[in-house]
Each structure stands twice: as structure tokens, then as C-alpha cells.
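Student: Sharing model31.tsv, TSV, C-alpha atoms:
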```tsv
chain	number	residue	atom	x	y	z
N	30	MET	CA	-2.10	-4.93	-35.05
N	31	GLU	CA	-1.18	-1.47	-33.82
N	32	ILE	CA	-3.48	1.45	-33.06
N	33	GLY	CA	-2.09	4.99	-33.06
N	34	ILE	CA	-3.31	7.44	-30.41
N	35	VAL	CA	-3.21	10.86	-32.04
N	36	GLY	CA	-4.24	14.43	-31.31
N	37	LYS	CA	-3.04	17.88	-30.46
N	38	PRO	CA	-0.82	18.59	-27.42
N	39	ASN	CA	-2.58	18.66	-24.03
N	40	ALA	CA	-5.78	16.99	-25.22
N	41	GLY	CA	-5.15	14.23	-22.67
N	42	LYS	CA	-3.60	11.67	-25.02
N	43	SER	CA	-1.01	10.46	-22.52
N	44	THR	CA	-3.61	10.22	-19.73
N	45	PHE	CA	-5.90	8.25	-22.07
N	46	PHE	CA	-3.00	6.00	-23.12
N	47	SER	CA	-1.96	5.38	-19.52
N	48	ALA	CA	-5.56	4.63	-18.53
N	49	VAL	CA	-5.93	2.12	-21.37
N	50	THR	CA	-2.58	0.36	-21.01
N	51	ASP	CA	-1.62	0.77	-17.32
N	52	THR	CA	1.68	2.15	-18.67
N	53	VAL	CA	3.35	4.88	-16.61
N	54	VAL	CA	4.10	7.85	-18.89
N	55	ASP	CA	4.88	11.53	-18.42
N	56	ILE	CA	1.63	13.45	-17.92
N	57	ALA	CA	1.77	17.25	-17.57
N	58	ASN	CA	-0.15	20.38	-18.52
N	59	TYR	CA	2.29	21.67	-21.08
N	60	PRO	CA	2.64	21.01	-24.84
N	61	PHE	CA	4.81	18.14	-26.12
N	62	THR	CA	5.01	16.21	-22.85
N	63	THR	CA	5.31	13.20	-25.16
N	64	ILE	CA	8.30	13.39	-27.53
N	65	ASP	CA	9.26	9.78	-28.19
N	66	PRO	CA	6.28	7.48	-28.79
N	67	ASN	CA	4.96	5.49	-25.84
N	68	LYS	CA	4.02	1.91	-26.63
N	69	GLY	CA	1.78	-0.29	-24.54
N	70	ILE	CA	-0.92	-2.96	-24.52
N	71	GLY	CA	-4.64	-2.38	-24.20
N	72	TYR	CA	-7.32	-5.07	-24.14
N	73	ILE	CA	-10.59	-5.85	-25.86
N	74	ARG	CA	-13.18	-8.03	-24.12
N	75	ILE	CA	-15.03	-11.09	-25.36
N	76	SER	CA	-16.95	-13.83	-23.57
N	77	CYS	CA	-14.53	-16.73	-23.11
N	78	PRO	CA	-15.54	-20.07	-24.69
N	79	HIS	CA	-13.92	-21.96	-21.81
N	80	VAL	CA	-17.41	-21.99	-20.27
N	81	ASP	CA	-18.17	-24.74	-22.80
N	82	VAL	CA	-15.64	-27.07	-21.15
N	83	SER	CA	-15.01	-27.98	-17.54
N	84	ASP	CA	-11.70	-26.18	-16.95
N	85	HIS	CA	-10.52	-22.57	-17.05
N	86	CYS	CA	-8.52	-21.28	-20.03
N	87	ASN	CA	-4.71	-20.75	-20.04
N	88	PRO	CA	-4.10	-17.57	-22.07
N	89	ARG	CA	-0.64	-17.26	-23.63
N	90	THR	CA	-1.20	-13.50	-23.87
N	91	GLY	CA	-3.79	-11.34	-22.17
N	92	PHE	CA	-5.86	-12.77	-19.32
N	93	CYS	CA	-9.31	-14.04	-18.38
N	94	LEU	CA	-11.43	-12.70	-15.53
N	95	ASN	CA	-14.99	-13.66	-14.57
N	96	ASN	CA	-15.32	-15.61	-17.84
N	97	ILE	CA	-14.35	-12.55	-19.87
N	98	ARG	CA	-11.28	-12.91	-22.07
N	99	TYR	CA	-9.09	-9.80	-22.35
N	100	VAL	CA	-7.36	-9.92	-25.72
N	101	PRO	CA	-4.24	-7.72	-26.16
N	102	VAL	CA	-3.99	-4.90	-28.70
N	103	GLU	CA	-0.86	-2.81	-29.27
N	104	LEU	CA	-1.20	0.95	-28.87
N	105	VAL	CA	1.26	3.76	-29.57
N	106	ASP	CA	0.92	7.27	-28.14
N	107	VAL	CA	2.81	9.75	-30.31
N	108	ALA	CA	3.81	13.38	-29.89
N	109	GLY	CA	1.04	15.97	-30.16
N	110	LEU	CA	0.20	17.25	-33.63
N	111	VAL	CA	-0.18	20.98	-34.29
N	112	PRO	CA	-1.38	22.85	-37.40
N	113	GLY	CA	1.41	22.83	-39.99
N	114	ALA	CA	2.97	19.58	-38.75
N	115	HIS	CA	3.38	18.35	-42.33
N	116	GLU	CA	5.57	21.42	-42.88
N	117	GLY	CA	7.69	20.55	-39.84
N	118	LYS	CA	5.93	22.62	-37.15
N	119	GLY	CA	5.82	21.24	-33.61
N	120	MET	CA	7.16	17.69	-33.64
N	121	GLY	CA	6.20	17.70	-37.33
N	122	ASN	CA	7.39	14.83	-39.45
N	123	LYS	CA	8.61	12.83	-36.45
N	124	PHE	CA	4.99	12.54	-35.32
N	125	LEU	CA	3.89	11.41	-38.76
N	126	ASP	CA	6.70	8.88	-39.17
N	127	ASP	CA	5.76	7.33	-35.82
N	128	LEU	CA	2.33	6.55	-37.31
N	129	ARG	CA	3.52	4.70	-40.41
N	130	VAL	CA	2.71	1.20	-39.16
N	131	ALA	CA	-0.56	2.09	-37.38
N	132	ASN	CA	-3.56	0.12	-38.65
N	133	GLY	CA	-5.97	2.76	-37.40
N	134	PHE	CA	-6.18	5.90	-35.27
N	135	ILE	CA	-7.88	6.89	-32.05
N	136	GLN	CA	-8.03	10.68	-32.18
N	137	VAL	CA	-8.12	12.01	-28.63
N	138	ILE	CA	-9.70	15.46	-28.55
N	139	ASP	CA	-10.36	17.88	-25.71
N	140	SER	CA	-14.15	17.81	-25.79
N	141	SER	CA	-14.24	20.43	-23.02
N	142	GLY	CA	-12.68	23.04	-25.31
N	143	SER	CA	-10.17	24.02	-22.62
N	144	THR	CA	-7.02	23.90	-24.77
N	145	SER	CA	-6.02	25.71	-27.95
N	146	LEU	CA	-4.90	23.92	-31.12
N	147	THR	CA	-1.30	24.28	-29.94
N	148	GLY	CA	-2.03	23.06	-26.40
N	149	GLU	CA	-2.32	26.20	-24.28
N	150	ILE	CA	-4.65	25.82	-21.27
N	151	ALA	CA	-7.86	27.86	-20.99
N	152	SER	CA	-11.29	27.61	-19.34
N	153	PRO	CA	-13.73	24.91	-20.56
N	154	GLY	CA	-15.79	26.14	-23.49
N	155	THR	CA	-13.14	28.55	-24.76
N	156	TYR	CA	-12.22	26.60	-27.90
N	157	ASP	CA	-14.18	24.57	-30.44
N	158	PRO	CA	-13.30	20.84	-30.36
N	159	VAL	CA	-14.65	20.43	-33.91
N	160	GLU	CA	-11.72	22.51	-35.17
N	161	GLU	CA	-9.43	19.97	-33.50
N	162	ILE	CA	-10.95	17.14	-35.49
N	163	LYS	CA	-10.81	19.01	-38.78
N	164	PHE	CA	-7.22	20.20	-38.53
N	165	LEU	CA	-5.92	16.70	-37.76
N	166	GLU	CA	-7.82	15.30	-40.74
N	167	ASP	CA	-6.13	17.94	-42.88
N	168	GLU	CA	-2.65	17.30	-41.47
N	169	LEU	CA	-2.85	13.55	-42.07
N	170	ALA	CA	-4.14	14.17	-45.59
N	171	TYR	CA	-1.34	16.65	-46.34
N	172	TRP	CA	1.11	14.02	-45.07
N	173	ILE	CA	-0.17	11.51	-47.64
N	174	VAL	CA	-0.22	14.13	-50.42
N	175	ASP	CA	3.36	15.20	-49.67
N	176	ILE	CA	4.55	11.59	-49.91
N	177	ILE	CA	2.71	11.03	-53.19
N	178	THR	CA	3.88	14.23	-54.87
N	179	LYS	CA	7.50	14.16	-53.72
N	180	ASP	CA	9.74	13.97	-56.83
N	181	ILE	CA	6.61	13.79	-58.99
N	182	LYS	CA	8.30	15.63	-61.87
N	183	LYS	CA	10.96	12.92	-62.04
N	184	ASN	CA	8.35	10.18	-62.16
N	185	ILE	CA	5.56	11.68	-64.22
N	186	ARG	CA	7.18	10.51	-67.47
N	187	ASN	CA	6.90	6.85	-66.42
N	188	ILE	CA	3.18	7.36	-65.89
N	189	THR	CA	2.45	9.34	-69.07
N	190	MET	CA	4.49	6.87	-71.14
N	191	GLY	CA	2.47	3.99	-69.73
N	192	ASN	CA	5.41	2.33	-67.96
N	193	LYS	CA	3.54	2.52	-64.68
N	194	THR	CA	-0.12	3.11	-63.82
N	195	VAL	CA	-1.17	5.85	-61.42
N	196	GLU	CA	-2.25	3.31	-58.82
N	197	GLU	CA	1.06	1.45	-59.10
N	198	TYR	CA	2.93	4.72	-58.64
N	199	ILE	CA	0.90	5.60	-55.51
N	200	PHE	CA	1.28	2.08	-54.12
N	201	ASP	CA	5.07	2.29	-54.48
N	202	LYS	CA	5.20	5.75	-52.89
N	203	LEU	CA	3.12	4.65	-49.90
N	204	ALA	CA	5.11	1.45	-49.32
N	205	GLY	CA	5.61	0.95	-45.61
N	206	LEU	CA	2.31	2.55	-44.57
N	207	GLY	CA	0.33	-0.67	-44.67
N	208	ILE	CA	-1.93	0.61	-47.47
N	209	SER	CA	-3.04	-2.01	-49.98
N	210	MET	CA	-3.66	-1.71	-53.70
N	211	GLU	CA	-7.34	-2.44	-53.02
N	212	ASP	CA	-7.46	0.54	-50.63
N	213	ILE	CA	-5.90	2.80	-53.29
N	214	LEU	CA	-8.29	1.67	-56.03
N	215	ALA	CA	-11.31	2.19	-53.76
N	216	ALA	CA	-10.14	5.71	-52.89
N	217	MET	CA	-9.51	6.49	-56.56
N	218	ARG	CA	-13.06	5.44	-57.44
N	219	ALA	CA	-14.39	7.82	-54.78
N	220	SER	CA	-11.98	10.66	-55.65
N	221	PRO	CA	-10.53	10.75	-59.17
N	222	ILE	CA	-7.14	12.50	-59.08
N	223	ASP	CA	-4.63	14.30	-61.26
N	224	ILE	CA	-1.29	12.79	-60.24
N	225	SER	CA	0.64	15.81	-61.51
N	226	GLY	CA	-0.01	17.45	-58.15
N	227	GLU	CA	-1.38	20.63	-59.66
N	228	ASP	CA	-4.92	20.06	-58.31
N	229	LYS	CA	-4.12	19.93	-54.60
N	230	GLU	CA	-7.81	19.92	-53.56
N	231	ALA	CA	-8.47	16.75	-55.56
N	232	LEU	CA	-5.38	15.13	-54.04
N	233	LEU	CA	-6.47	16.11	-50.51
N	234	SER	CA	-9.91	14.64	-51.13
N	235	PHE	CA	-8.28	11.43	-52.38
N	236	ALA	CA	-5.95	11.31	-49.36
N	237	LYS	CA	-8.82	11.74	-46.89
N	238	ASN	CA	-10.80	8.94	-48.55
N	239	LEU	CA	-7.72	6.73	-48.61
N	240	LEU	CA	-7.14	7.26	-44.88
N	241	LYS	CA	-10.78	6.48	-44.07
N	242	ILE	CA	-10.54	3.24	-46.04
N	243	SER	CA	-7.07	2.06	-45.01
N	244	LYS	CA	-6.69	3.47	-41.48
N	245	PRO	CA	-10.07	3.74	-39.73
N	246	ARG	CA	-10.51	6.36	-37.02
N	247	ILE	CA	-12.58	6.84	-33.89
N	248	ILE	CA	-12.79	10.10	-31.95
N	249	ALA	CA	-12.35	9.87	-28.17
N	250	GLY	CA	-13.95	13.00	-26.71
N	251	ASN	CA	-11.66	13.20	-23.71
N	252	LYS	CA	-12.19	15.44	-20.65
N	253	ALA	CA	-15.92	14.72	-20.96
N	254	ASP	CA	-16.11	15.04	-17.16
N	255	ILE	CA	-15.56	18.82	-17.46
N	256	ALA	CA	-17.06	19.36	-20.93
N	257	PRO	CA	-20.08	21.63	-21.43
N	258	GLU	CA	-23.06	19.40	-22.26
N	259	GLU	CA	-23.67	21.29	-25.50
N	260	ASN	CA	-20.18	20.28	-26.70
N	261	ILE	CA	-20.91	16.57	-26.26
N	262	THR	CA	-24.36	16.89	-27.85
N	263	ARG	CA	-22.95	18.72	-30.88
N	264	LEU	CA	-20.07	16.26	-31.36
N	265	LYS	CA	-22.46	13.29	-31.21
N	266	LYS	CA	-24.72	14.95	-33.76
N	267	LEU	CA	-21.86	15.77	-36.14
N	268	TYR	CA	-19.88	12.52	-35.91
N	269	GLY	CA	-22.39	9.89	-34.76
N	270	ASN	CA	-20.85	6.49	-34.05
N	271	GLU	CA	-17.41	7.83	-34.91
N	272	PHE	CA	-17.44	9.87	-31.67
N	273	TYR	CA	-17.41	8.59	-28.08
N	274	PRO	CA	-17.11	10.72	-24.89
N	275	THR	CA	-14.37	9.62	-22.49
N	276	SER	CA	-12.65	10.57	-19.25
N	277	GLY	CA	-9.11	9.23	-19.21
N	278	ASP	CA	-8.54	10.99	-15.90
N	279	TYR	CA	-11.43	9.17	-14.20
N	280	GLU	CA	-10.43	5.79	-15.68
N	281	LEU	CA	-6.85	6.27	-14.48
N	282	THR	CA	-8.06	7.22	-10.98
N	283	LEU	CA	-10.28	4.13	-10.76
N	284	LYS	CA	-7.48	1.82	-11.89
N	285	LYS	CA	-5.07	3.34	-9.34
N	286	ALA	CA	-7.64	2.91	-6.57
N	287	ALA	CA	-8.16	-0.71	-7.63
N	288	LYS	CA	-4.39	-1.35	-7.53
N	289	LEU	CA	-4.30	0.07	-3.99
N	290	LYS	CA	-7.11	-2.38	-3.07
N	291	ILE	CA	-9.39	0.51	-2.12
N	292	ILE	CA	-12.04	-0.53	-4.63
N	293	GLU	CA	-12.95	-3.42	-6.88
N	294	TYR	CA	-13.24	-2.13	-10.43
N	295	PHE	CA	-13.22	-3.74	-13.85
N	296	PRO	CA	-12.48	-1.67	-16.99
N	297	GLY	CA	-15.69	-0.70	-18.75
N	298	SER	CA	-17.83	-1.22	-15.63
N	299	GLN	CA	-20.72	1.06	-14.69
N	300	ASP	CA	-19.79	1.09	-11.01
N	301	PHE	CA	-17.25	-0.06	-8.41
N	302	LYS	CA	-17.39	-1.25	-4.82
N	303	TYR	CA	-15.24	-0.40	-1.82
N	304	ILE	CA	-12.90	-3.06	-0.46
N	305	LYS	CA	-11.60	-0.92	2.38
N	306	GLU	CA	-12.50	2.45	3.81
N	307	PRO	CA	-10.83	5.25	1.84
N	308	SER	CA	-9.67	8.57	3.24
N	309	VAL	CA	-12.12	11.49	3.16
N	310	ASN	CA	-10.40	13.03	0.11
N	311	GLN	CA	-10.26	9.68	-1.69
N	312	LYS	CA	-13.94	9.01	-1.04
N	313	ASN	CA	-14.96	12.47	-2.22
N	314	ALA	CA	-13.04	11.96	-5.47
N	315	LEU	CA	-14.40	8.45	-5.99
N	316	GLU	CA	-17.99	9.44	-5.28
N	317	LYS	CA	-17.71	12.24	-7.83
N	318	ILE	CA	-16.60	9.62	-10.37
N	319	ARG	CA	-19.48	7.36	-9.31
N	320	GLN	CA	-21.94	10.16	-10.14
N	321	TYR	CA	-20.34	10.44	-13.59
N	322	LEU	CA	-20.60	6.66	-14.12
N	323	ALA	CA	-24.28	6.71	-13.14
N	324	VAL	CA	-24.98	9.17	-15.96
N	325	HIS	CA	-22.55	7.96	-18.66
N	326	LYS	CA	-22.54	4.21	-17.79
N	327	SER	CA	-18.70	4.07	-17.95
N	328	THR	CA	-15.63	6.27	-18.38
N	329	GLY	CA	-15.78	5.42	-22.09
N	330	VAL	CA	-12.11	4.47	-22.32
N	331	GLN	CA	-12.59	0.70	-22.63
N	332	GLU	CA	-15.51	1.17	-25.01
N	333	VAL	CA	-13.44	3.31	-27.40
N	334	ILE	CA	-10.85	0.55	-27.84
N	335	GLU	CA	-13.55	-2.05	-28.44
N	336	LYS	CA	-15.59	0.12	-30.82
N	337	MET	CA	-12.40	0.81	-32.75
N	338	ILE	CA	-11.42	-2.85	-33.11
N	339	PHE	CA	-14.84	-4.46	-33.54
N	340	GLU	CA	-16.91	-1.79	-35.32
N	341	ASN	CA	-14.65	0.74	-37.04
N	342	MET	CA	-12.03	-1.84	-38.07
N	343	ASP	CA	-14.62	-4.62	-38.47
N	344	ASN	CA	-12.73	-7.42	-36.68
N	345	VAL	CA	-13.68	-10.62	-34.87
N	346	VAL	CA	-11.83	-12.77	-32.34
N	347	VAL	CA	-11.31	-16.48	-33.05
N	348	PHE	CA	-9.76	-19.21	-30.85
N	349	PRO	CA	-7.61	-21.85	-32.64
N	350	VAL	CA	-7.22	-25.25	-30.97
N	351	GLN	CA	-5.81	-28.69	-31.82
N	352	ASP	CA	-8.24	-30.79	-29.77
N	353	GLU	CA	-11.80	-29.78	-30.65
N	354	GLY	CA	-13.27	-31.74	-27.75
N	355	LYS	CA	-11.19	-30.26	-24.93
N	356	TYR	CA	-10.41	-26.89	-26.60
N	357	THR	CA	-6.68	-27.47	-26.07
N	358	ASP	CA	-3.40	-27.09	-27.94
N	359	SER	CA	-0.85	-29.93	-28.30
N	360	GLN	CA	0.42	-29.30	-24.74
N	361	GLY	CA	-3.03	-29.48	-23.19
N	362	ASN	CA	-3.44	-25.74	-22.66
N	363	ILE	CA	-7.06	-24.66	-22.87
N	364	LEU	CA	-7.72	-21.89	-25.41
N	365	PRO	CA	-4.19	-20.48	-25.18
N	366	ASP	CA	-4.57	-18.12	-28.15
N	367	ALA	CA	-7.15	-15.55	-29.22
N	368	ILE	CA	-6.58	-14.21	-32.74
N	369	ILE	CA	-8.00	-10.98	-34.15
N	370	LEU	CA	-9.15	-11.35	-37.77
N	371	LYS	CA	-10.94	-9.11	-40.24
N	372	LYS	CA	-14.65	-9.86	-40.42
N	373	GLY	CA	-15.23	-12.01	-43.49
N	374	SER	CA	-12.01	-13.98	-42.99
N	375	THR	CA	-12.10	-17.68	-43.76
N	376	ALA	CA	-10.86	-20.80	-41.99
N	377	ARG	CA	-7.90	-20.79	-44.37
N	378	ASP	CA	-7.13	-17.15	-43.49
N	379	LEU	CA	-7.01	-18.24	-39.86
N	380	ALA	CA	-4.61	-21.04	-40.77
N	381	TYR	CA	-2.28	-18.59	-42.52
N	382	LYS	CA	-2.48	-16.23	-39.54
N	383	ILE	CA	-1.30	-19.04	-37.26
N	384	HIS	CA	1.51	-20.17	-39.57
N	385	THR	CA	2.22	-19.94	-43.31
N	386	ASP	CA	2.79	-23.71	-43.59
N	387	LEU	CA	-0.56	-24.39	-41.93
N	388	GLY	CA	-2.27	-22.24	-44.56
N	389	LYS	CA	-0.39	-23.82	-47.46
N	390	ASN	CA	-1.10	-27.37	-46.28
N	391	PHE	CA	-4.71	-26.75	-45.24
N	392	ILE	CA	-7.00	-29.78	-45.67
N	393	ARG	CA	-10.08	-28.91	-43.62
N	394	ALA	CA	-11.15	-27.40	-40.31
N	395	VAL	CA	-13.53	-28.29	-37.51
N	396	ASN	CA	-15.88	-25.92	-35.72
N	397	ALA	CA	-15.23	-27.09	-32.16
N	398	LYS	CA	-18.51	-25.69	-30.85
N	399	THR	CA	-20.71	-27.55	-33.33
N	400	LYS	CA	-18.21	-30.37	-34.01
N	401	MET	CA	-18.96	-29.92	-37.72
N	402	VAL	CA	-16.30	-30.24	-40.40
N	403	ILE	CA	-15.91	-26.99	-42.33
N	404	GLY	CA	-14.08	-26.11	-45.52
N	405	GLN	CA	-11.44	-23.53	-46.32
N	406	ASN	CA	-14.06	-20.95	-47.36
N	407	TYR	CA	-16.00	-21.10	-44.10
N	408	THR	CA	-16.40	-17.54	-42.78
N	409	VAL	CA	-15.31	-17.35	-39.16
N	410	SER	CA	-17.52	-15.60	-36.60
N	411	MET	CA	-16.92	-13.85	-33.31
N	412	GLY	CA	-15.92	-16.34	-30.62
N	413	ASP	CA	-15.49	-19.32	-32.94
N	414	VAL	CA	-13.25	-22.14	-31.71
N	415	ILE	CA	-11.59	-23.71	-34.74
N	416	LYS	CA	-9.35	-26.73	-35.27
N	417	ILE	CA	-7.22	-26.66	-38.43
N	418	VAL	CA	-6.31	-29.97	-40.08
N	419	SER	CA	-3.34	-29.85	-42.46
N	420	LYS	CA	-0.99	-32.14	-44.36
N	421	LYS	CA	1.90	-33.39	-42.27
```
How does this structure look as C-alpha cells?
Tutor:
Amino acid sequence: MEIGIVGKPNAGKSTFFSAVTDTVVDIANYPFTTIDPNKGIGYIRISCPHVDVSDHCNPRTGFCLNNIRYVPVELVDVAGLVPGAHEGKGMGNKFLDDLRVANGFIQVIDSSGSTSLTGEIASPGTYDPVEEIKFLEDELAYWIVDIITKDIKKNIRNITMGNKTVEEYIFDKLAGLGISMEDILAAMRASPIDISGEDKEALLSFAKNLLKISKPRIIAGNKADIAPEENITRLKKLYGNEFYPTSGDYELTLKKAAKLKIIEYFPGSQDFKYIKEPSVNQKNALEKIRQYLAVHKSTGVQEVIEKMIFENMDNVVVFPVQDEGKYTDSQGNILPDAIILKKGSTARDLAYKIHTDLGKNFIRAVNAKTKMVIGQNYTVSMGDVIKIVSKK
């Protein structure tokens, strides 16, 4: 699973990415600081089931701290998008190509309104962050439309002659974007289209619906620490649960202070505590952040990742084991793996996710928490510990 971090230049994407992943990247106040995509690992949190057994877990990936399992998620920070990117402006098509394999998007916006659509710096409140959201929606939709309508005149005969359906044509054109036939059919039901490309508005409406269905989005209202309050209130009203205020700068500062052993801080926490006495400047900066945390309950950065994975993308985390009593694999490791699955997935889906042969040879499964035998159609839930039994 890969999440794309998208937005205009200078919205704070690279700061947000660095704060989420602890990856050192170029951060500067000028457009197109990011040219080649930065890739890193962020984490989502879930209570660890190792509390059900006597020993601590042994994660193969991620880590476990204070009985909270941190499950890895891949993130990619791509070059800033400007109006007209689908026509090649700014980093243009390179930006869009970098997003092909993304399963969803976190759109980082400058909620303070202190940067233009092309990334020039101004005073907070100068620009409207809503325009940021709208133009990126349009650019991504134009990207899809351009792919669909490329060489349409050469292919329209196959469709009109009945050699290929419209949905089959679109599916073939969008190969490599991780968009399923089910996604296309759902978008077509919501937005009937004329594949000839003559009705661009209908195609744009279809593309926007397709993106919402196939590549969910959440809006990270970055720079919330300097944003006018009316901006945050308006964005929450307009976008509801799709919007979340964040301060990548504050999260990054807290993580750096924690690495220097100045404070103890856990991502997503509402506060921190001093381990050693900081300098006067450090303490002033940290106390300013503490005031922000007291009001907003967190920097919002960790919450955005988790809302994206669990709510917008509708996923759960499941722990496969081979010994349902001890929660171990064949080598005796306790809960070594945590697997992200779409909500509604079955025990057999989990088996296939682990290994194709395990799915093909599935016999039954065991819910390790209840010790009950379950069938292939059992719907897995958040935090389930499951043993798969298959043919040898």
C-alpha cells in the first residue's frame, strides 16, 4: 500500500512528509524544492494483542511501544503541482506519473493562506486555501481525462462496432493506475459519459467520481499553527471529516527534540515531558508548541495518516499466526506480522494476502482470541489474530 502526498509547491508537503516518516528531505521556502519523489515509511497505531499472552511481540516490520503496535505504511512525497500541470506546467506530467501506483492521496494544503497557487510566499490570510483544494481536484481529473481520450479517434470504431465496451476501453487505458473494473462501473453509474471526448464536462465529472472511488483523499490543513481561525472553521465546514488541521513544523520539532533526549514524546500525543533542561530558546519554542497541543490535542500529523488508512480507505489491521495459543509463527516469534486489509475482507482474503498457495489450499481458520474455528467467509475485524489452516 502506498499513499501519495500531494499539493502545490511550498504548502509544507516535504515538512509534513519528514514529520511523518522521520526521513531527511530538502525543505526550503521556494517552489519545487522536491523534484524527484521522496519515499518513506509512516506508521498507523493499533492496540497490540500481545497483551493477551505473557510475552512481548516480535514485529518483523514496524515496532511496538507501550503496548501500541506501529504498523508501517509507505508514503511518497512528489513534486508540487501547479495549475496547468496536466498541460506540462511546473513539474507537470512527471508529478502525475509519480502518482500512478498510489492507493490514495493526502493533499497537503497551506491552511494559513500564506502561499500562492504557484508557491510564492505571502502573509497569512492573503490567499484562499479552498482554491488550492479545487485546482488540485481539477488537475487530477484532467490527468485521467487526458489518458482516457488519448488516441480516442483511433479506438472509437472498436467501441461503436461493439468489439469493446466503454468500460473495457477505459479499464485498458487506465492500466497501471490500480483502478479496478468495479471502480469504473461505479463511477459510470454516478456520471454517465460520452467516450468520444466531445463533452469534456461530463468526462471531468466522471474522472472526479472515479478518483473519489478508487483513490480516496484526505486534506491535511498544514501550517494550522499560523492559520487565521476563520480559515480552519471554514475548511471544516466545507469538507467535514475529509479535512484535518495539521502542523508538520511542530511535529518535526517535537520529534527532533525527542531524538536529542530533551523531551519524551510519542507521535499523536497531546503533550510531552522534559527529560533534561533545554536551552532558553528551545524551551520557548517547545512551550509555544505545548500551548498549541493544549488547544488542538495533537499536531494532527499522526491522526491524518490514521484517518486516511482506517476511515477514508476503510481498512483494518489483522495479525496472522500459526500457533493460536501462543500467538506465534513457526519460529516462535510472537505476532511478527500485522497485515492491512480492506474492511469486509474474509479469512480467505487474509490467506491470499499472506501467500497465494495458502489461499488456494485454504481449509479453515481459527480466531485465536476466541479459539473458535471459522470458515473462509468469516469477515475479519480490527485487531483479529487469525490462524490459517491449509492443505499441505
Student: Can you measure CA of Asn132 (chain N) to CA of Ile208 (chain N) for me? One decimal in Å is fine.
Tutor: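 Those two atoms sit 9.0 Å apart.
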Student: Which residue gives the smallest distance to Ser359 (chain N) among N:Gly109, N:Asp167, N:Lys416, N:Ile213, with all atoms listed in the file counted?
Tutor: N:Lys416
Student: Could you tell me how far CA of Ile32 (chain N) sits from CA of Ile383 (chain N), in Å to one decimal place?
Tutor: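 Interatomic distance, CA of Ile383 (chain N) to CA of Ile32 (chain N): 21.0 Å.
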Student: Taking 2 positions as the minimum chain separation for residues in the same chain, which residues sit within 9 Å of Met30 (chain N) when counting only C-alpha atoms? Answer as a tab-separated table (two decimals) with C-alpha atoms, in the coordinates of the input.
Tutor:
```tsv
chain	number	residue	atom	x	y	z
N	32	ILE	CA	-3.48	1.45	-33.06
N	102	VAL	CA	-3.99	-4.90	-28.70
N	103	GLU	CA	-0.86	-2.81	-29.27
N	104	LEU	CA	-1.20	0.95	-28.87
N	130	VAL	CA	2.71	1.20	-39.16
N	131	ALA	CA	-0.56	2.09	-37.38
N	132	ASN	CA	-3.56	0.12	-38.65
N	133	GLY	CA	-5.97	2.76	-37.40
N	369	ILE	CA	-8.00	-10.98	-34.15
```
Student: Name all residues at most 8 Å from Leu322 (chain N) (count only C-alpha atoms; drop same-chain ones fewer than 5 positions away) and give them as a PyMOL selection string.
Tutor: chain N and resi 299-300+327-328
Student: Write out, as a short mmCIF file (atom, residue, chain, number, x, y, z; two decimals), in the coordinates of the input, the residues just selected, with C-alpha atoms.
Tutor:
```cif
data_model
loop_
_atom_site.label_atom_id
_atom_site.label_comp_id
_atom_site.auth_asym_id
_atom_site.auth_seq_id
_atom_site.Cartn_x
_atom_site.Cartn_y
_atom_site.Cartn_z
CA GLN N 299 -20.72 1.06 -14.69
CA ASP N 300 -19.79 1.09 -11.01
CA SER N 327 -18.70 4.07 -17.95
CA THR N 328 -15.63 6.27 -18.38
#
```
Student: Could you please determine the separation between CA of Phe301 (chain N) and CA of Arg319 (chain N) in Å, to one decimal place?
Tutor: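 CA of Arg319 (chain N) lies at a distance of 7.8 Å from CA of Phe301 (chain N).
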Student: Mind running region 280-341 of chain N against region 241-254 of chain N at 8 Å and telling me each contacting residue's nearest atom pair with the distance in Å (one decimal), counting only C-alpha atoms, chain and number ascending, as CSV?
Tutor:
```
residue,atom,partner,partner_atom,distance
N:Tyr321,CA,N:Asp254,CA,7.2
N:Val330,CA,N:Ala249,CA,8.0
N:Val333,CA,N:Ala249,CA,6.7
N:Lys336,CA,N:Ile247,CA,8.0
N:Met337,CA,N:Ile247,CA,6.1
N:Asn341,CA,N:Pro245,CA,6.1
```
Student: I need the chosen residues saved as a CSV table (one decimal), in the frame of the given file, with C-alpha atoms.
Tutor:
```
chain,number,residue,atom,x,y,z
N,321,TYR,CA,-20.3,10.4,-13.6
N,330,VAL,CA,-12.1,4.5,-22.3
N,333,VAL,CA,-13.4,3.3,-27.4
N,336,LYS,CA,-15.6,0.1,-30.8
N,337,MET,CA,-12.4,0.8,-32.8
N,341,ASN,CA,-14.6,0.7,-37.0
```
Student: Quick one: residues within 9 Å of Cys86 (chain N), only C-alpha atoms counted, chain neighbours fewer than 4 positions away excluded, as a VMD selection string?
Tutor: chain N and resid 77 to 80 92 to 93 356 to 357 362 to 365
Student: Residues of region 84-184 of chain N that have any atom at most 12 Å from an atom of region 259-280 of chain N: could you tabulate them with the shortest-distance atom pair and the distance in Å to one decimal, using only C-alpha atoms, ordered by chain and increasing number, as a tab-separated table?
Tutor:
```
residue	atom	partner	partner_atom	distance
N:Phe134	CA	N:Glu271	CA	11.4
N:Ile135	CA	N:Glu271	CA	10.0
N:Gln136	CA	N:Phe272	CA	9.5
N:Val137	CA	N:Thr275	CA	9.1
N:Ile138	CA	N:Pro274	CA	9.5
N:Asp139	CA	N:Thr275	CA	9.7
N:Ser140	CA	N:Asn260	CA	6.6
N:Ser141	CA	N:Asn260	CA	7.0
N:Gly142	CA	N:Asn260	CA	8.1
N:Ser143	CA	N:Asn260	CA	11.4
N:Pro153	CA	N:Asn260	CA	10.0
N:Gly154	CA	N:Asn260	CA	8.0
N:Thr155	CA	N:Asn260	CA	11.0
N:Tyr156	CA	N:Asn260	CA	10.2
N:Asp157	CA	N:Asn260	CA	8.3
N:Pro158	CA	N:Asn260	CA	7.8
N:Val159	CA	N:Leu264	CA	7.3
N:Glu160	CA	N:Leu264	CA	11.1
N:Glu161	CA	N:Leu264	CA	11.5
N:Ile162	CA	N:Leu264	CA	10.1
N:Lys163	CA	N:Tyr268	CA	11.5
```
Student: Tell me which protein, DNA and RNA residues are within 9 Å of region 302-311 of chain N, counting only C-alpha atoms, leaving out same-chain ones fewer than 3 positions away, and put them as a ChimeraX atom specification.
Tutor: /N:286-287,290-294,314-316
